[in-house]
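Containing TSV, C-alpha atoms and all ligand atoms: my_file-v1.tsv.
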```tsv
chain	number	residue	atom	x	y	z
A	24	MET	CA	-11.33	14.36	49.90
A	25	LYS	CA	-12.19	13.96	46.21
A	26	GLY	CA	-13.63	16.74	44.02
A	27	ILE	CA	-14.68	17.36	40.44
A	28	LEU	CA	-13.58	20.13	38.07
A	29	LEU	CA	-15.82	20.38	35.02
A	30	ASN	CA	-14.11	22.33	32.29
A	31	ASN	CA	-15.24	23.93	29.04
A	32	LEU	CA	-13.73	26.50	26.69
A	33	GLY	CA	-15.19	29.78	27.97
A	34	SER	CA	-16.68	32.93	26.45
A	35	PRO	CA	-16.08	36.68	26.62
A	36	ASP	CA	-17.57	38.52	29.63
A	37	SER	CA	-19.92	40.44	27.33
A	38	THR	CA	-20.47	41.20	23.65
A	39	GLU	CA	-18.50	44.46	23.96
A	40	ILE	CA	-15.64	44.51	21.46
A	41	LYS	CA	-13.11	45.15	24.27
A	42	ASP	CA	-14.25	42.06	26.20
A	43	VAL	CA	-14.22	39.91	23.07
A	44	LYS	CA	-10.70	41.18	22.37
A	45	THR	CA	-9.47	40.23	25.86
A	46	TYR	CA	-10.96	36.76	25.46
A	47	LEU	CA	-9.57	36.18	21.96
A	48	ASP	CA	-6.17	37.43	23.06
A	49	GLU	CA	-5.92	34.75	25.77
A	50	PHE	CA	-7.46	32.05	23.54
A	51	LEU	CA	-5.44	32.63	20.38
A	52	MET	CA	-2.14	33.22	22.22
A	53	ASP	CA	-2.41	29.64	23.54
A	54	GLU	CA	0.43	27.72	21.87
A	55	ARG	CA	-1.81	24.67	21.48
A	56	VAL	CA	-4.38	26.68	19.51
A	57	ILE	CA	-2.11	28.75	17.27
A	58	ASP	CA	0.94	26.49	17.27
A	59	ILE	CA	3.62	28.67	15.78
A	60	PRO	CA	6.75	30.14	17.42
A	61	TYR	CA	5.95	32.71	20.12
A	62	TRP	CA	7.24	35.77	18.26
A	63	LYS	CA	5.31	34.87	15.11
A	64	ARG	CA	2.16	34.21	17.14
A	65	TYR	CA	2.64	37.53	18.91
A	66	VAL	CA	2.89	39.43	15.61
A	67	LEU	CA	0.04	37.52	13.97
A	68	ILE	CA	-2.41	37.70	16.86
A	69	LYS	CA	-1.63	40.99	18.59
A	70	GLY	CA	-0.45	42.80	15.45
A	71	ILE	CA	-3.03	41.59	12.92
A	72	ILE	CA	-5.92	39.37	14.07
A	73	LEU	CA	-6.87	41.33	17.19
A	74	ASN	CA	-7.29	44.44	15.03
A	75	PHE	CA	-10.28	43.08	13.12
A	76	ARG	CA	-11.51	39.76	14.56
A	77	PRO	CA	-12.99	41.10	17.85
A	78	LYS	CA	-15.41	43.38	15.93
A	79	LYS	CA	-16.57	40.51	13.72
A	80	SER	CA	-16.83	38.04	16.63
A	81	ALA	CA	-18.63	40.58	18.86
A	82	ALA	CA	-21.28	41.03	16.16
A	83	ALA	CA	-21.70	37.24	15.99
A	84	TYR	CA	-21.93	36.94	19.80
A	85	LYS	CA	-24.61	39.69	19.83
A	86	LYS	CA	-26.80	37.50	17.63
A	87	ILE	CA	-26.84	34.59	20.08
A	88	TRP	CA	-26.28	36.18	23.53
A	89	TRP	CA	-28.93	35.52	26.19
A	90	ASP	CA	-30.18	37.87	28.94
A	91	GLU	CA	-28.31	35.67	31.47
A	92	GLY	CA	-25.07	35.76	29.43
A	93	SER	CA	-23.16	33.54	27.00
A	94	PRO	CA	-25.18	30.42	26.09
A	95	LEU	CA	-22.08	28.23	26.53
A	96	VAL	CA	-21.49	29.51	30.06
A	97	VAL	CA	-25.15	29.56	31.11
A	98	ILE	CA	-25.77	26.02	29.82
A	99	SER	CA	-22.56	24.76	31.48
A	100	GLU	CA	-23.71	26.36	34.77
A	101	ARG	CA	-27.11	24.69	34.53
A	102	PHE	CA	-25.42	21.34	33.81
A	103	THR	CA	-23.09	21.83	36.79
A	104	GLU	CA	-25.98	22.69	39.13
A	105	LYS	CA	-27.79	19.50	38.15
A	106	ILE	CA	-24.61	17.45	38.73
A	107	LYS	CA	-24.16	19.08	42.17
A	108	GLN	CA	-27.67	17.96	43.16
A	109	LYS	CA	-26.73	14.35	42.49
A	110	ILE	CA	-23.16	14.15	43.83
A	111	ASP	CA	-22.01	14.36	47.45
A	112	ILE	CA	-18.48	15.68	46.81
A	113	PRO	CA	-17.46	19.23	45.76
A	114	VAL	CA	-18.07	20.06	42.09
A	115	GLU	CA	-16.78	23.23	40.39
A	116	LEU	CA	-17.12	24.59	36.86
A	117	ALA	CA	-14.21	26.37	35.21
A	118	MET	CA	-13.35	27.63	31.75
A	119	ARG	CA	-10.02	27.37	29.94
A	120	TYR	CA	-10.24	31.02	28.82
A	121	GLY	CA	-11.98	34.06	30.30
A	122	SER	CA	-12.92	35.10	33.81
A	123	MET	CA	-14.21	31.76	35.09
A	124	SER	CA	-10.61	30.67	35.20
A	125	MET	CA	-9.23	27.27	36.03
A	126	GLU	CA	-7.14	28.89	38.79
A	127	LYS	CA	-10.36	30.00	40.54
A	128	GLY	CA	-12.07	26.63	40.00
A	129	ILE	CA	-9.14	24.70	41.45
A	130	LYS	CA	-8.78	27.12	44.37
A	131	ASN	CA	-12.47	26.72	45.23
A	132	LEU	CA	-12.02	22.95	45.37
A	133	ILE	CA	-8.87	23.21	47.50
A	134	ASP	CA	-10.61	25.64	49.89
A	135	LYS	CA	-13.25	22.95	50.41
A	136	GLY	CA	-10.56	20.47	51.45
A	137	VAL	CA	-10.16	18.60	48.17
A	138	THR	CA	-6.86	16.72	47.76
A	139	GLU	CA	-7.78	14.57	44.73
A	140	ILE	CA	-9.33	16.15	41.64
A	141	MET	CA	-11.05	14.51	38.71
A	142	LEU	CA	-10.75	16.90	35.79
A	143	VAL	CA	-13.57	16.56	33.26
A	144	PRO	CA	-12.75	18.30	29.97
A	145	LEU	CA	-16.21	18.73	28.47
A	146	TYR	CA	-15.01	17.62	25.05
A	147	PRO	CA	-15.83	14.18	23.66
A	148	HIS	CA	-12.70	14.14	21.45
A	149	TYR	CA	-8.98	14.65	21.98
A	150	ALA	CA	-7.42	17.69	20.31
A	151	MET	CA	-4.38	19.63	21.41
A	152	SER	CA	-6.42	22.84	21.07
A	153	SER	CA	-9.25	21.64	23.33
A	154	TYR	CA	-8.73	18.60	25.58
A	155	GLU	CA	-4.93	18.73	25.83
A	156	THR	CA	-4.65	22.42	26.65
A	157	VAL	CA	-7.09	21.97	29.56
A	158	VAL	CA	-5.11	19.05	30.96
A	159	VAL	CA	-1.77	20.84	30.63
A	160	LYS	CA	-3.16	23.99	32.27
A	161	ALA	CA	-4.51	21.98	35.24
A	162	GLU	CA	-1.15	20.21	35.61
A	163	GLU	CA	0.68	23.56	35.55
A	164	ILE	CA	-1.56	25.13	38.20
A	165	LEU	CA	-1.23	22.12	40.50
A	166	ALA	CA	2.54	21.84	40.04
A	167	GLU	CA	3.00	25.52	40.81
A	168	LYS	CA	0.51	26.04	43.65
A	169	TYR	CA	-0.78	22.75	45.03
A	170	PRO	CA	1.82	20.03	44.40
A	171	HIS	CA	0.24	17.79	47.06
A	172	VAL	CA	-3.01	17.49	45.07
A	173	LYS	CA	-3.55	14.40	42.90
A	174	LEU	CA	-5.04	14.80	39.42
A	175	ASP	CA	-7.05	12.29	37.42
A	176	VAL	CA	-8.52	13.13	34.03
A	177	LEU	CA	-11.65	11.73	32.40
A	178	PRO	CA	-10.52	10.28	29.04
A	179	PRO	CA	-12.18	11.47	25.81
A	180	PHE	CA	-15.59	9.79	25.69
A	181	TYR	CA	-16.17	9.88	21.91
A	182	ASN	CA	-17.06	6.18	21.72
A	183	GLU	CA	-18.46	5.54	25.20
A	184	PRO	CA	-21.72	3.62	24.71
A	185	ASP	CA	-23.58	5.83	27.22
A	186	TYR	CA	-22.52	9.01	25.42
A	187	ILE	CA	-23.47	7.53	22.04
A	188	LYS	CA	-26.85	6.53	23.47
A	189	VAL	CA	-27.77	9.94	24.95
A	190	MET	CA	-26.50	11.75	21.84
A	191	SER	CA	-28.52	9.45	19.61
A	192	ASP	CA	-31.68	9.72	21.73
A	193	ASN	CA	-31.34	13.51	21.71
A	194	ILE	CA	-30.99	13.50	17.91
A	195	ALA	CA	-33.93	11.12	17.46
A	196	ASN	CA	-36.13	13.33	19.68
A	197	HIS	CA	-35.30	16.45	17.70
A	198	LEU	CA	-35.73	14.69	14.36
A	199	LYS	CA	-39.34	13.72	15.16
A	200	GLY	CA	-41.57	15.25	12.51
A	201	PHE	CA	-38.63	16.46	10.40
A	202	ASP	CA	-38.61	14.65	7.08
A	203	TYR	CA	-34.90	14.86	6.21
A	204	ASP	CA	-33.02	13.44	3.27
A	205	HIS	CA	-29.55	13.98	4.74
A	206	ILE	CA	-27.92	14.30	8.17
A	207	LEU	CA	-24.64	16.19	8.36
A	208	PHE	CA	-22.33	15.47	11.31
A	209	SER	CA	-20.46	18.77	11.58
A	210	TYR	CA	-17.44	18.71	13.94
A	211	HIS	CA	-15.31	21.70	14.98
A	212	GLY	CA	-12.37	21.75	12.58
A	213	ILE	CA	-8.68	21.92	13.40
A	214	PRO	CA	-5.66	22.53	11.16
A	215	GLU	CA	-4.49	19.30	9.49
A	216	ARG	CA	-1.03	19.75	10.97
A	217	HIS	CA	-2.48	19.41	14.49
A	218	ILE	CA	-3.42	15.82	13.62
A	219	LYS	CA	0.17	15.07	12.58
A	220	LYS	CA	1.60	16.83	15.64
A	221	SER	CA	-0.58	14.73	17.95
A	222	ASP	CA	0.49	11.45	16.30
A	223	PRO	CA	2.92	9.72	18.73
A	224	THR	CA	4.09	7.32	15.99
A	225	ASN	CA	5.00	10.23	13.69
A	226	SER	CA	3.94	8.10	10.75
A	227	HIS	CA	0.38	6.84	11.13
A	228	CYS	CA	-1.79	9.87	10.47
A	229	LYS	CA	-1.54	10.60	6.76
A	230	LEU	CA	-5.00	12.14	6.36
A	231	ASP	CA	-5.27	9.89	3.31
A	232	GLY	CA	-8.83	8.77	3.79
A	233	SER	CA	-8.02	5.38	5.27
A	234	CYS	CA	-5.52	5.97	8.11
A	235	CYS	CA	-8.32	6.63	10.58
A	236	GLU	CA	-9.79	3.20	9.74
A	237	ARG	CA	-6.59	1.20	10.40
A	238	ASN	CA	-5.88	0.22	14.02
A	239	SER	CA	-3.20	2.35	15.65
A	240	VAL	CA	-2.10	3.70	19.03
A	241	ALA	CA	-2.20	7.07	17.26
A	242	HIS	CA	-5.97	7.03	17.66
A	243	HIS	CA	-5.73	7.77	21.40
A	244	THR	CA	-4.89	11.30	20.31
A	245	CYS	CA	-6.33	11.46	16.77
A	246	TYR	CA	-9.19	13.95	16.65
A	247	ARG	CA	-10.20	12.90	13.13
A	248	HIS	CA	-10.40	9.19	14.02
A	249	GLN	CA	-12.37	9.95	17.17
A	250	CYS	CA	-14.89	12.13	15.30
A	251	PHE	CA	-15.44	9.39	12.72
A	252	GLU	CA	-15.95	6.85	15.53
A	253	THR	CA	-18.61	9.06	17.14
A	254	THR	CA	-20.44	9.25	13.82
A	255	LYS	CA	-20.20	5.47	13.35
A	256	GLY	CA	-21.61	4.87	16.83
A	257	ILE	CA	-24.58	7.20	16.25
A	258	VAL	CA	-25.20	5.86	12.73
A	259	LYS	CA	-25.28	2.32	14.10
A	260	TYR	CA	-27.48	3.20	17.07
A	261	LEU	CA	-29.99	5.11	14.94
A	262	ASN	CA	-29.72	2.61	12.08
A	263	LEU	CA	-29.18	5.38	9.53
A	264	LYS	CA	-29.08	4.26	5.90
A	265	GLU	CA	-25.85	4.50	3.88
A	266	GLY	CA	-25.91	7.65	1.73
A	267	THR	CA	-28.16	9.59	4.11
A	268	TRP	CA	-25.40	10.97	6.31
A	269	SER	CA	-21.86	12.38	6.07
A	270	ASN	CA	-19.14	14.13	8.11
A	271	SER	CA	-17.73	17.63	7.82
A	272	PHE	CA	-15.63	20.12	9.79
A	273	GLN	CA	-16.57	23.73	10.58
A	274	SER	CA	-15.18	26.98	12.06
A	275	ARG	CA	-11.87	27.30	10.25
A	276	LEU	CA	-9.65	30.30	10.86
A	277	LEU	CA	-6.67	31.52	8.81
A	278	LYS	CA	-5.49	30.03	5.54
A	279	ASP	CA	-3.84	26.73	6.51
A	280	PRO	CA	-5.47	23.51	5.34
A	281	TRP	CA	-8.00	22.39	7.97
A	282	LEU	CA	-9.73	19.03	8.23
A	283	LYS	CA	-11.99	18.41	5.24
A	284	PRO	CA	-14.64	18.44	3.96
A	285	TYR	CA	-15.63	21.90	5.09
A	286	THR	CA	-19.17	22.26	6.47
A	287	ASP	CA	-20.04	25.45	4.55
A	288	PHE	CA	-18.95	23.94	1.20
A	289	GLU	CA	-20.93	20.77	1.90
A	290	LEU	CA	-24.10	22.71	2.73
A	291	GLU	CA	-23.79	24.63	-0.54
A	292	LYS	CA	-23.37	21.41	-2.53
A	293	PHE	CA	-26.25	19.40	-1.06
A	294	PRO	CA	-29.19	21.01	-2.93
A	295	GLU	CA	-27.69	20.34	-6.37
A	296	MET	CA	-27.14	16.72	-5.27
A	297	GLY	CA	-30.88	16.49	-4.59
A	298	LYS	CA	-30.48	16.76	-0.82
A	299	LYS	CA	-32.82	19.64	-0.05
A	300	LYS	CA	-33.92	18.70	3.47
A	301	VAL	CA	-30.96	18.60	5.79
A	302	ALA	CA	-30.46	18.19	9.54
A	303	VAL	CA	-27.10	19.20	11.04
A	304	ILE	CA	-25.75	17.78	14.28
A	305	THR	CA	-22.66	19.04	16.10
A	306	PRO	CA	-21.24	16.24	18.27
A	307	ALA	CA	-17.94	17.96	19.12
A	308	PHE	CA	-19.89	20.27	21.44
A	309	VAL	CA	-21.78	19.08	24.50
A	310	ALA	CA	-23.28	22.57	24.99
A	311	ASP	CA	-24.63	25.00	22.43
A	312	CYS	CA	-22.36	27.95	21.82
A	313	LEU	CA	-21.37	30.52	19.23
A	314	GLU	CA	-20.21	27.81	16.83
A	315	THR	CA	-23.53	25.95	16.86
A	316	LEU	CA	-26.07	28.74	17.41
A	317	GLU	CA	-24.58	31.28	15.02
A	318	GLU	CA	-22.41	29.38	12.56
A	319	ILE	CA	-24.63	26.33	12.11
A	320	ALA	CA	-28.16	27.36	13.12
A	321	MET	CA	-28.01	30.82	11.46
A	322	GLU	CA	-25.19	31.10	8.89
A	323	GLY	CA	-25.37	27.48	7.77
A	324	LYS	CA	-29.12	27.71	7.28
A	325	GLU	CA	-28.78	30.86	5.21
A	326	GLU	CA	-26.08	29.33	2.99
A	327	PHE	CA	-28.09	26.14	2.48
A	328	LEU	CA	-31.35	27.91	1.62
A	329	LEU	CA	-29.55	30.30	-0.74
A	330	ALA	CA	-28.08	27.30	-2.55
A	331	GLY	CA	-31.57	25.90	-3.14
A	332	GLY	CA	-32.24	23.86	0.00
A	333	THR	CA	-35.82	23.88	1.28
A	334	HIS	CA	-35.76	22.51	4.85
A	335	TYR	CA	-32.98	22.92	7.40
A	336	LYS	CA	-32.70	21.96	11.03
A	337	HIS	CA	-29.91	22.36	13.56
A	338	ILE	CA	-30.21	19.70	16.25
A	339	PRO	CA	-29.37	21.26	19.65
A	340	CYS	CA	-26.54	19.81	21.74
A	341	MET	CA	-27.24	17.68	24.81
A	342	ASN	CA	-26.88	20.79	27.02
A	343	ASP	CA	-28.37	20.11	30.47
A	344	ASN	CA	-30.55	17.24	29.27
A	345	ASP	CA	-31.28	14.97	32.29
A	346	ASP	CA	-30.08	11.79	30.57
A	347	TRP	CA	-26.71	13.42	29.85
A	348	VAL	CA	-26.50	14.64	33.46
A	349	ASP	CA	-27.13	11.06	34.62
A	350	VAL	CA	-24.39	9.70	32.36
A	351	MET	CA	-21.89	12.22	33.73
A	352	VAL	CA	-22.99	11.42	37.29
A	353	SER	CA	-22.42	7.70	36.64
A	354	TRP	CA	-18.87	8.38	35.32
A	355	ILE	CA	-18.13	10.54	38.37
A	356	ASN	CA	-19.47	7.87	40.73
A	357	GLU	CA	-17.35	5.20	39.01
A	358	TRP	CA	-14.24	7.29	39.68
A	359	LYS	CA	-15.20	8.33	43.18
A	360	ASP	CA	-16.19	4.92	44.65
A	401	LIG	C1	-6.89	28.12	15.41
A	401	LIG	C2	-8.03	28.39	15.94
A	401	LIG	C3	-8.95	27.45	16.62
A	401	LIG	C4	-8.83	26.09	16.90
A	401	LIG	C5	-7.71	25.15	16.55
A	401	LIG	C6	-10.02	25.72	17.62
A	401	LIG	C7	-10.32	24.42	18.09
A	401	LIG	C8	-11.42	24.09	18.85
A	401	LIG	N1	-12.38	24.94	19.38
A	401	LIG	C9	-13.33	24.20	20.05
A	401	LIG	C10	-14.49	24.67	20.68
A	401	LIG	C11	-14.99	25.98	20.57
A	401	LIG	N2	-14.45	27.01	19.83
A	401	LIG	C12	-15.23	28.12	19.99
A	401	LIG	C13	-14.99	29.37	19.46
A	401	LIG	C14	-13.85	29.75	18.76
A	401	LIG	N3	-12.88	28.91	18.23
A	401	LIG	C15	-11.88	29.67	17.65
A	401	LIG	C16	-10.68	29.20	17.08
A	401	LIG	C17	-10.20	27.89	17.16
A	401	LIG	N4	-10.80	26.82	17.75
A	401	LIG	C18	-12.24	31.05	17.81
A	401	LIG	C19	-11.42	32.22	17.32
A	401	LIG	C20	-13.45	31.09	18.51
A	401	LIG	C21	-14.16	32.36	19.03
A	401	LIG	C22	-15.18	32.88	18.23
A	401	LIG	C23	-14.73	33.40	16.90
A	401	LIG	O1	-14.07	34.44	16.85
A	401	LIG	O2	-15.03	32.72	15.91
A	401	LIG	C24	-16.34	27.81	20.85
A	401	LIG	C25	-17.49	28.74	21.25
A	401	LIG	C26	-17.15	29.70	22.36
A	401	LIG	C27	-18.35	30.46	22.83
A	401	LIG	O3	-18.16	31.45	23.56
A	401	LIG	O4	-19.50	30.15	22.52
A	401	LIG	C28	-16.18	26.48	21.23
A	401	LIG	C29	-17.06	25.68	22.17
A	401	LIG	C30	-12.95	22.83	19.97
A	401	LIG	C31	-13.73	21.68	20.58
A	401	LIG	C32	-11.77	22.76	19.23
A	401	LIG	C33	-10.96	21.59	18.83
A	401	LIG	C34	-11.44	20.44	18.55
A	402	FE	FE	-12.84	26.83	18.45
A	403	FE	FE	-6.06	9.02	12.13
```
Represent the structure from my file as structure tokens, please.
Amino acid sequence: MKGILLNNLGSPDSTEIKDVKTYLDEFLMDERVIDIPYWKRYVLIKGIILNFRPKKSAAAYKKIWWDEGSPLVVISERFTEKIKQKIDIPVELAMRYGSMSMEKGIKNLIDKGVTEIMLVPLYPHYAMSSYETVVVKAEEILAEKYPHVKLDVLPPFYNEPDYIKVMSDNIANHLKGFDYDHILFSYHGIPERHIKKSDPTNSHCKLDGSCCERNSVAHHTCYRHQCFETTKGIVKYLNLKEGTWSNSFQSRLLKDPWLKPYTDFELEKFPEMGKKKVAVITPAFVADCLETLEEIAMEGKEEFLLAGGTHYKHIPCMNDNDDWVDVMVSWINEWKD
């Protein structure tokens, strides 16, 4: 029997500092997230970062937490419930980090008699720190515990016409009545070296401004290229005028160079460029989470208004929007039939 494993990143169990610490420990010790030798990662994360980051992150989580729990988890559960109503094979939700583990999600499918799993990383774009780590973890669990089970993986859907359409319709709906002069496409950032590490040609990705425009097999795994393609698709669909939109990357951690331009710097610059009414969309996330609700909707707004902006709007993610549910159901049905 076939079954579906939907997979997102995961959140701490609560906003208590100890729970945030447990979550960050698992997350940041992942070699595809902090990609340095084990002993250095151990010293950096357990010896330094986990001493101060959990307190800061817990305070941020407190600002966005819902009565039912983490927005990311609650929204993903609502999305999963809607998918279950429309699909006649087992569907489970799991998270890469935290208590809703992939081990539990896979076991639940196996207990229901599933022998063929379609893994759906709920990320539109390929990155070793998001999509790839989910795939590798699923492969490891199956190889170790259920070697008879077959695994298929939904490819990154950054340029799928149906995804572009529902994203664009969602944006257009939320933009109604908001008289903007700029739209910022803010994607989760990654360190620049991750782009080079994921380049199978070892020579294409130069981060020189034009590499992502030239055809290359490297783009199957190039996060930067895939983000730009998502923007292009939405810009085309919504017929946005040149000069009224741009890309940026948010959520950087540590001092290495991350993908540029940085969202916070862009938001500070816009008012002096005459762009005082700005809408921000976050297409790297299918569900609202800490990075959209706190960093963009709260912090970003504050930075922008302080710099002289007058109107600011964060466009919510697709979340459990029925059109998005229907797109996912159609992809699942295509695989299943
Ligand atoms: C080196 C650090 C990080 C990389 C690389 C990274 C890539 C990455 N992350 C997401 C999606 C999400 N990240 C979220 C939170 C978050 N991300 C990092 C660090 C890296 N992410 C941290 C430390 C945190 C935790 C919060 C904090 O302390 O700032 C979230 C939200 C989780 C939630 O509970 O709401 C998401 C979603 C992607 C897609 C990605 C690579 C493209
Ligand atoms: Fe992240
Ligand atoms: Fe590229």
* **Expected answer as a VMD selection string: residues within 6 Å of ligand FE 403 (chain A), only C-alpha atoms and all ligand atoms** => chain A and resid 228 234 to 235 242 245 247 to 248
Per-residue nearest contacts of chain A to ligand FE 402 (chain A) (10 Å; all atoms listed in the file) as CSV:
```
residue,atom,partner,partner_atom,distance
A:Leu32,CA,A:FE402,FE,8.3
A:Phe50,CA,A:FE402,FE,9.1
A:Leu51,CA,A:FE402,FE,9.6
A:Val56,CA,A:FE402,FE,8.5
A:Ser152,CA,A:FE402,FE,8.0
A:Ser153,CA,A:FE402,FE,8.0
A:His211,CA,A:FE402,FE,6.7
A:Gly212,CA,A:FE402,FE,7.8
A:Ile213,CA,A:FE402,FE,8.2
A:Gln273,CA,A:FE402,FE,9.2
A:Ser274,CA,A:FE402,FE,6.8
A:Arg275,CA,A:FE402,FE,8.3
A:Leu276,CA,A:FE402,FE,8.9
A:Leu313,CA,A:FE402,FE,9.3
A:Glu314,CA,A:FE402,FE,7.6
```
* Measuring atom to atom with all atoms listed in the file, identify which of A:Phe201, A:Phe272, A:Tyr120, A:Trp89 is nearest to Asp53 in chain A. =>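 Ranked by minimum distance to Asp53 in chain A, first place goes to A:Tyr120.
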* Asked: Between A:Phe308, A:Tyr186, A:Tyr169, A:Phe102, which has the minimum distance to Asn344 in chain A (counting all atoms listed in the file)?
  ->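 Of A:Phe308, A:Tyr186, A:Tyr169, A:Phe102, the one nearest Asn344 in chain A, counting all atoms listed in the file, is A:Phe102.
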* To do: Tell me, as JSON, numbers by chain, which residues lie within 12 Å of Pro170 in chain A, counting all atoms listed in the file; anything in the same chain fewer than 4 positions away does not count.
  => {"A": [133, 138, 139, 161, 162, 163, 164, 165, 166, 174]}
* Asked: Skipping near chain neighbours, those fewer than 3 positions away, what residues fall within 7 Å of Ala81 in chain A using all atoms listed in the file, listed as a list of chain:residue names?
  -> A:Thr38, A:Glu39, A:Ile40, A:Val43, A:Pro77, A:Lys78, A:Tyr84, A:Lys85
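Distance-wise, atom O4 of ligand LIG 401 (chain A) and CA of Ser34 in chain A end up 5.6 Å apart.
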* **Point (-17.4, 14.9, 26.1) neighbourhood (12 Å, only C-alpha atoms) written as a ChimeraX atom specification** => /A:29-31,142-150,153-154,177-183,185-187,189-190,249-250,253,306-310,340-342,347-348,350-351,354
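The two atoms in question, CA of Ile59 in chain A and atom C25 of ligand LIG 401 (chain A), are spaced 21.8 Å apart.
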* To do: Identify which of the residues A:Ala320, A:Leu230, A:Val157, A:Leu290 lies closest to Ile206 in chain A, counting only C-alpha atoms when measuring atom-to-atom distances.
  =>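 Comparing A:Ala320, A:Leu230, A:Val157, A:Leu290 against Ile206 in chain A, the winner is A:Leu290.
Remark: for Ile304 in chain A, the closest of the candidate residues A:Tyr203, A:Tyr65, A:Phe208, A:Phe251 is A:Phe208 (distances computed over only C-alpha atoms).
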* Structure fact -> One residue among A:Gly92, A:Pro60, A:Pro284, A:Pro339 is nearest to ligand LIG 401 (chain A) when using all atoms listed in the file, and that residue is A:Gly92
List the neighbours of Pro214 in chain A out to 10 Å using all atoms listed in the file; skip same-chain residues closer than 5 positions along the sequence, and give me the result as a JSON list (two decimals) with C-alpha atoms, in the frame of the given file.
```
[["chain", "number", "residue", "atom", "x", "y", "z"],
["A", 56, "VAL", "CA", -4.38, 26.68, 19.51],
["A", 57, "ILE", "CA", -2.11, 28.75, 17.27],
["A", 58, "ASP", "CA", 0.94, 26.49, 17.27],
["A", 152, "SER", "CA", -6.42, 22.84, 21.07],
["A", 219, "LYS", "CA", 0.17, 15.07, 12.58],
["A", 275, "ARG", "CA", -11.87, 27.30, 10.25],
["A", 276, "LEU", "CA", -9.65, 30.30, 10.86],
["A", 277, "LEU", "CA", -6.67, 31.52, 8.81],
["A", 278, "LYS", "CA", -5.49, 30.03, 5.54],
["A", 279, "ASP", "CA", -3.84, 26.73, 6.51],
["A", 280, "PRO", "CA", -5.47, 23.51, 5.34],
["A", 281, "TRP", "CA", -8.00, 22.39, 7.97],
["A", 282, "LEU", "CA", -9.73, 19.03, 8.23],
["A", 283, "LYS", "CA", -11.99, 18.41, 5.24]]
```
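Residues lying within 10 Å of Glu291 in chain A, counting all atoms listed in the file and ignoring same-chain neighbours fewer than 3 positions away, are Thr286, Asp287, Phe288, Pro294, Glu295, Met296, Gly323, Lys324, Glu325, Glu326, Phe327, Leu328, Leu329, Ala330, Gly331 and Gly332 of chain A.
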